[in-house]
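J.: To be precise about what I am sending: the file is called work_14.txt and holds compact mmCIF, C-alpha atoms.
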```
# COMPACT_ATOMS: atom_id res chain seq x y z
CA MET A 1 0.00 0.00 0.00
CA LEU A 2 1.17 3.47 -0.90
CA ILE A 3 -0.65 5.11 2.03
CA VAL A 4 -0.39 3.43 5.44
CA ASP A 5 -2.04 4.09 8.79
CA TYR A 6 -0.39 6.65 11.04
CA GLN A 7 2.55 5.20 12.96
CA GLU A 8 3.79 6.67 16.23
CA LYS A 9 7.33 5.65 15.28
CA TRP A 10 7.37 8.47 12.70
CA VAL A 11 7.92 11.02 15.48
CA ARG A 12 10.82 8.94 16.88
CA ASN A 13 12.24 8.51 13.36
CA PHE A 14 12.17 12.27 12.86
CA GLU A 15 13.85 12.86 16.23
CA GLU A 16 16.63 10.39 15.39
CA ILE A 17 17.37 12.14 12.08
CA LYS A 18 17.04 15.58 13.68
CA LYS A 19 19.65 14.66 16.30
CA ILE A 20 22.19 13.69 13.63
CA LEU A 21 21.49 16.79 11.54
CA SER A 22 21.63 19.07 14.59
CA ASN A 23 24.97 17.62 15.65
CA GLN A 24 26.38 18.00 12.14
CA LEU A 25 25.12 21.56 11.75
CA VAL A 26 25.80 22.66 15.34
CA SER A 27 27.94 25.63 14.28
CA ILE A 28 25.17 27.10 12.10
CA LYS A 29 21.97 28.77 13.32
CA ILE A 30 19.22 26.42 12.08
CA GLN A 31 15.84 25.05 13.04
CA ILE A 32 14.67 21.58 12.00
CA GLU A 33 10.97 20.89 11.45
CA HIS A 34 9.02 17.69 10.83
CA ILE A 35 6.60 18.49 8.00
CA GLY A 36 4.29 16.58 5.68
CA SER A 37 1.69 14.00 6.52
CA THR A 38 3.91 11.96 8.86
CA ALA A 39 4.07 15.07 11.09
CA VAL A 40 0.29 15.08 11.61
CA PRO A 41 -0.92 12.71 14.35
CA LEU A 42 -3.45 10.14 13.15
CA LEU A 43 -3.09 11.06 9.45
CA PRO A 44 -2.33 8.11 7.17
CA ALA A 45 0.64 8.81 4.92
CA LYS A 46 3.35 7.50 2.67
CA PRO A 47 5.90 6.23 5.21
CA ILE A 48 8.52 8.85 4.34
CA ILE A 49 9.60 11.48 6.87
CA ASP A 50 9.67 14.99 5.38
CA ILE A 51 12.11 17.40 7.03
CA ASP A 52 12.73 21.11 6.56
CA THR A 53 16.08 22.41 7.76
CA ILE A 54 15.64 26.15 8.17
CA TYR A 55 18.51 28.62 8.04
CA PHE A 56 18.47 32.32 8.81
CA ASP A 57 21.59 33.83 7.24
CA LEU A 58 21.70 33.56 3.43
CA SER A 59 25.45 33.02 3.53
CA ASP A 60 24.94 29.82 5.58
CA PHE A 61 23.50 27.80 2.70
CA GLU A 62 26.93 26.86 1.32
CA LYS A 63 28.11 25.86 4.82
CA ILE A 64 25.02 23.67 5.24
CA LYS A 65 25.60 22.10 1.83
CA ILE A 66 29.21 21.19 2.75
CA LYS A 67 28.16 19.79 6.14
CA LEU A 68 25.41 17.69 4.55
CA GLU A 69 27.84 16.38 1.94
CA GLU A 70 30.00 15.17 4.85
CA LEU A 71 26.96 13.10 5.90
CA ARG A 72 26.84 11.69 2.32
CA TYR A 73 23.91 13.79 1.08
CA TYR A 74 24.10 15.52 -2.27
CA HIS A 75 22.35 18.70 -3.36
CA ASN A 76 19.69 17.95 -5.97
CA GLY A 77 18.59 21.53 -6.71
CA ASN A 78 15.13 22.84 -6.00
CA GLN A 79 13.36 20.38 -8.32
CA GLY A 80 11.24 23.19 -9.71
CA ILE A 81 10.05 24.58 -6.37
CA GLU A 82 11.59 27.94 -5.50
CA GLY A 83 12.67 28.37 -1.89
CA ARG A 84 13.15 24.66 -1.17
CA GLU A 85 16.49 22.99 -1.85
CA VAL A 86 16.45 19.18 -2.00
CA PHE A 87 19.14 16.96 -0.51
CA LYS A 88 19.24 13.23 -1.21
CA ARG A 89 21.25 10.33 0.17
CA LYS A 90 23.92 8.74 -1.96
CA ASN A 91 23.25 5.10 -2.84
CA GLU A 92 25.51 3.65 -0.20
CA VAL A 93 25.12 2.56 3.37
CA ASN A 94 27.28 4.43 5.84
CA ASN A 95 24.87 5.65 8.52
CA LYS A 96 22.55 3.26 10.32
CA VAL A 97 19.86 5.88 10.97
CA LEU A 98 20.03 7.99 7.82
CA ASP A 99 20.17 4.98 5.53
CA SER A 100 17.43 2.98 7.24
CA ILE A 101 14.74 5.63 7.71
CA ARG A 102 13.15 6.79 4.47
CA HIS A 103 13.10 10.57 4.44
CA HIS A 104 13.12 13.66 2.26
CA LEU A 105 15.43 16.44 3.36
CA TYR A 106 14.80 20.04 2.34
CA VAL A 107 16.80 23.13 3.20
CA CYS A 108 14.87 26.42 3.25
CA HIS A 109 15.66 30.00 4.15
CA HIS A 110 13.38 31.16 6.97
CA GLU A 111 11.66 33.66 4.64
CA SER A 112 10.89 31.03 1.99
CA ARG A 113 7.27 31.03 0.85
CA GLU A 114 7.40 27.24 0.44
CA LEU A 115 8.62 26.79 4.01
CA LYS A 116 5.82 28.97 5.34
CA HIS A 117 3.29 26.92 3.38
CA HIS A 118 4.71 23.64 4.73
CA LEU A 119 4.35 24.87 8.32
CA LEU A 120 0.94 26.50 7.87
CA PHE A 121 -0.53 23.38 6.24
CA ARG A 122 0.97 21.03 8.84
CA ASP A 123 -0.27 23.18 11.71
CA TYR A 124 -3.75 23.53 10.23
CA LEU A 125 -4.12 19.76 9.88
CA ARG A 126 -2.79 19.22 13.40
CA SER A 127 -5.41 21.55 14.83
CA ASN A 128 -8.40 20.70 12.64
CA GLN A 129 -9.76 17.16 12.77
CA LYS A 130 -12.33 17.77 10.03
CA ALA A 131 -9.67 19.01 7.60
CA ARG A 132 -7.40 16.10 8.53
CA LYS A 133 -10.21 13.63 7.75
CA GLN A 134 -10.95 15.38 4.43
CA TYR A 135 -7.29 15.23 3.46
CA GLU A 136 -7.10 11.57 4.48
CA LYS A 137 -10.08 10.78 2.24
CA LEU A 138 -8.55 12.71 -0.66
CA LYS A 139 -5.22 10.90 -0.27
CA TYR A 140 -6.87 7.47 -0.32
CA GLU A 141 -8.93 8.41 -3.38
CA LEU A 142 -5.83 9.58 -5.23
CA ALA A 143 -3.85 6.47 -4.26
CA GLU A 144 -6.68 4.30 -5.60
CA LYS A 145 -6.85 6.29 -8.86
CA ALA A 146 -3.08 5.93 -9.18
CA SER A 147 -3.34 2.16 -8.71
CA GLN A 148 -0.88 2.59 -5.81
CA ASP A 149 1.83 3.88 -8.19
CA LYS A 150 3.86 6.52 -6.32
CA ASN A 151 4.75 8.53 -9.44
CA ILE A 152 1.17 8.70 -10.69
CA TYR A 153 0.02 9.47 -7.13
CA ALA A 154 2.46 12.42 -6.93
CA LEU A 155 1.13 13.84 -10.20
CA LEU A 156 -2.50 13.40 -9.17
CA LYS A 157 -1.82 14.91 -5.76
CA GLU A 158 -0.19 17.94 -7.37
CA GLN A 159 -3.20 18.35 -9.69
CA LYS A 160 -6.05 17.51 -7.34
CA ALA A 161 -4.89 18.44 -3.84
CA ASN A 162 -3.57 21.94 -4.54
CA ASP A 163 -6.95 23.62 -4.03
CA PHE A 164 -7.50 21.82 -0.73
CA ILE A 165 -3.99 22.62 0.51
CA SER A 166 -4.26 26.28 -0.55
CA ASP A 167 -7.58 26.59 1.26
CA CYS A 168 -6.09 25.12 4.45
CA ILE A 169 -3.12 27.50 4.26
CA ARG A 170 -5.45 30.46 3.75
CA LYS A 171 -7.56 29.43 6.77
CA GLN A 172 -4.47 28.99 8.95
CA LYS A 173 -3.21 32.44 7.94
CA LEU A 174 -6.59 33.96 8.85
CA LYS A 175 -6.63 32.08 12.14
CA HIS A 176 -3.32 33.65 13.12
CA GLY A 177 -3.81 37.01 11.45
CA LYS A 178 -0.93 36.47 9.00
```
Any chance you could put this one into structure tokens?

T.:
Amino acid sequence: MLIVDYQEKWVRNFEEIKKILSNQLVSIKIQIEHIGSTAVPLLPAKPIIDIDTIYFDLSDFEKIKIKLEELRYYHNGNQGIEGREVFKRKNEVNNKVLDSIRHHLYVCHHESRELKHHLLFRDYLRSNQKARKQYEKLKYELAEKASQDKNIYALLKEQKANDFISDCIRKQKLKHGK
């Protein structure tokens, strides 16, 4: 199954990765956030931990890139999404935690629009059970239409879920007067 029931271990998985990243980037002012569906209690999801590493000084990006390369990540550009830089693991096993827990690692400047949307959407779903249930239903419908194919699912989600996500972000902004 592409989408699985919520698993409490996702929070522990995030914390394990966060600890390694924090230790590696200790000399740089950062914040590390668990985002995406695995960051929303009780929400079924693809079992992949999404992580935003947030930096505050624009000149720190190159330092972060070098430090992540030392952990055997490579920079994969923004993959068409401005304000979100993607880092992927090399196809080798050299870190028990980083190579055993499926995750997506993003690096975002604290003023990034994409970062703000990640956090607003996550927080809205965390605080709104009705929206969480609606999103759950939408995700299952899309997975079924995609015949459980992750690539087709990603395309459908981009096409069909954008309105729902945008509406949640707008409501969260209104809720907090942003």

J.: Write out as a ChimeraX atom specification the residues lying within 8 Å of stretch 48-52 of chain A, counting all atoms listed in the file and excluding same-chain residues fewer than 2 positions away.

T.: /A:10,13-14,32-36,38-39,45-46,54,101-108,115

J.: Dump C-alpha atoms for the selected residues as a short mmCIF file (atom, residue, chain, number, x, y, z; two decimals), keeping the file's coordinate frame?

T.:
```cif
data_model
loop_
_atom_site.label_atom_id
_atom_site.label_comp_id
_atom_site.auth_asym_id
_atom_site.auth_seq_id
_atom_site.Cartn_x
_atom_site.Cartn_y
_atom_site.Cartn_z
CA TRP A 10 7.37 8.47 12.70
CA ASN A 13 12.24 8.51 13.36
CA PHE A 14 12.17 12.27 12.86
CA ILE A 32 14.67 21.58 12.00
CA GLU A 33 10.97 20.89 11.45
CA HIS A 34 9.02 17.69 10.83
CA ILE A 35 6.60 18.49 8.00
CA GLY A 36 4.29 16.58 5.68
CA THR A 38 3.91 11.96 8.86
CA ALA A 39 4.07 15.07 11.09
CA ALA A 45 0.64 8.81 4.92
CA LYS A 46 3.35 7.50 2.67
CA ILE A 54 15.64 26.15 8.17
CA ILE A 101 14.74 5.63 7.71
CA ARG A 102 13.15 6.79 4.47
CA HIS A 103 13.10 10.57 4.44
CA HIS A 104 13.12 13.66 2.26
CA LEU A 105 15.43 16.44 3.36
CA TYR A 106 14.80 20.04 2.34
CA VAL A 107 16.80 23.13 3.20
CA CYS A 108 14.87 26.42 3.25
CA LEU A 115 8.62 26.79 4.01
#
```

J.: Given all atoms listed in the file as the basis, pick out the residue of A:Leu142, A:Val11, A:Leu174, A:Leu71 nearest to A:Glu92.

T.: A:Leu71

J.: Might you pull out every residue within 9 Å of A:Asn76, with only C-alpha atoms counted and same-chain residues fewer than 2 positions away left off, and present them as a ChimeraX atom specification?

T.: /A:74,78-79,85-88

J.: Produce a file of the selected residues containing C-alpha atoms, as a PDB file, in the coordinates of the input.

T.:
```
ATOM      1  CA  TYR A  74      24.100  15.520  -2.270  1.00  0.00           C
ATOM      2  CA  ASN A  78      15.130  22.840  -6.000  1.00  0.00           C
ATOM      3  CA  GLN A  79      13.360  20.380  -8.320  1.00  0.00           C
ATOM      4  CA  GLU A  85      16.490  22.990  -1.850  1.00  0.00           C
ATOM      5  CA  VAL A  86      16.450  19.180  -2.000  1.00  0.00           C
ATOM      6  CA  PHE A  87      19.140  16.960  -0.510  1.00  0.00           C
ATOM      7  CA  LYS A  88      19.240  13.230  -1.210  1.00  0.00           C
TER       8      LYS A  88
END
```

J.: Using all atoms listed in the file, find the one residue out of A:Leu98, A:Leu120, A:Ile3, A:Leu21 that sits nearest to A:Ser166.

T.: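 Result for the nearest residue to A:Ser166: A:Leu120.
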
J.: Could you jot down the atom CA of A:Leu58 to atom CA of A:Leu119 separation for me, Å, one decimal place?

T.: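 Computing the Euclidean distance for atom CA of A:Leu58 and atom CA of A:Leu119 yields 20.0 Å.
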
J.: Quick one: of A:Lys133, A:Arg89, A:Gln159, A:Arg84, who's nearest to A:Leu68, counting only C-alpha atoms?

T.: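 Answer, going by the shortest atom-to-atom distance: A:Arg89.
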
J.: Output as AutoDock Vina command-line options the centre and edge lengths (Å, one decimal) of the box along x, y and z of the file that holds every listed atom of stretch 112-118 of chain A after adding 6 Å on each side.

T.:
```
--center_x 7.1 --center_y 27.3 --center_z 2.9 --size_x 19.6 --size_y 19.4 --size_z 16.9
```

J.: Report, in Å with one decimal, the straight-line distance from atom CA of A:Ser27 to atom CA of A:Arg72.

T.: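 Computing it gives 18.4 Å between the two atoms.
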
J.: By how many Å are atom CA of A:Glu144 and atom CA of A:Phe121 apart?

T.: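 A separation of 23.3 Å between them.
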
J.: Taking into account all atoms listed in the file, which residue in the set A:Asp167, A:Glu141, A:Glu15, A:Glu70 is nearest to A:Leu125?

T.: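 Closest to A:Leu125 of all the choices is A:Asp167.
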
J.: As an mmCIF file with C-alpha atoms, in the frame of the given file, please: the residues near A:Lys157 (cut-off 9 Å, only C-alpha atoms, same-chain neighbours under 3 positions excluded).

T.:
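Generated output (around.cif):
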```cif
data_model
loop_
_atom_site.group_PDB
_atom_site.id
_atom_site.type_symbol
_atom_site.label_atom_id
_atom_site.label_comp_id
_atom_site.auth_asym_id
_atom_site.auth_seq_id
_atom_site.Cartn_x
_atom_site.Cartn_y
_atom_site.Cartn_z
ATOM 1 C CA LEU A 138 -8.550 12.710 -0.660
ATOM 2 C CA LYS A 139 -5.220 10.900 -0.270
ATOM 3 C CA LEU A 142 -5.830 9.580 -5.230
ATOM 4 C CA ALA A 143 -3.850 6.470 -4.260
ATOM 5 C CA ILE A 152 1.170 8.700 -10.690
ATOM 6 C CA TYR A 153 0.020 9.470 -7.130
ATOM 7 C CA ALA A 154 2.460 12.420 -6.930
ATOM 8 C CA LYS A 160 -6.050 17.510 -7.340
ATOM 9 C CA ALA A 161 -4.890 18.440 -3.840
ATOM 10 C CA ASN A 162 -3.570 21.940 -4.540
#
```

J.: Which polymer residues, protein or nucleic acid, are no farther than 6 Å from (-2.7, -0.1, -0.8), counting only C-alpha atoms, as JSON, numbers by chain?

T.: {"A": [1, 2, 148]}

J.: Find the residues around A:Cys168 up to 7 Å (only C-alpha atoms counted), leave out those fewer than 4 positions away in its own chain, and share them as a list in words.

T.: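 Selected residues are Phe121, Tyr124, Phe164 and Gln172 of chain A.
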
J.: May I ask which of the residues A:Arg170, A:Lys9, A:Lys29, A:Lys19 is the closest one to A:His109, counting all atoms listed in the file?

T.: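 Residue with the minimum atom-to-atom distance to A:His109: A:Lys29.
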
J.: Just checking: using all atoms listed in the file, which residue out of A:Ile169, A:Lys67, A:Arg126, A:Val97 ends up closest to A:Arg113?

T.: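 Among the listed residues, A:Ile169 lies closest to A:Arg113.
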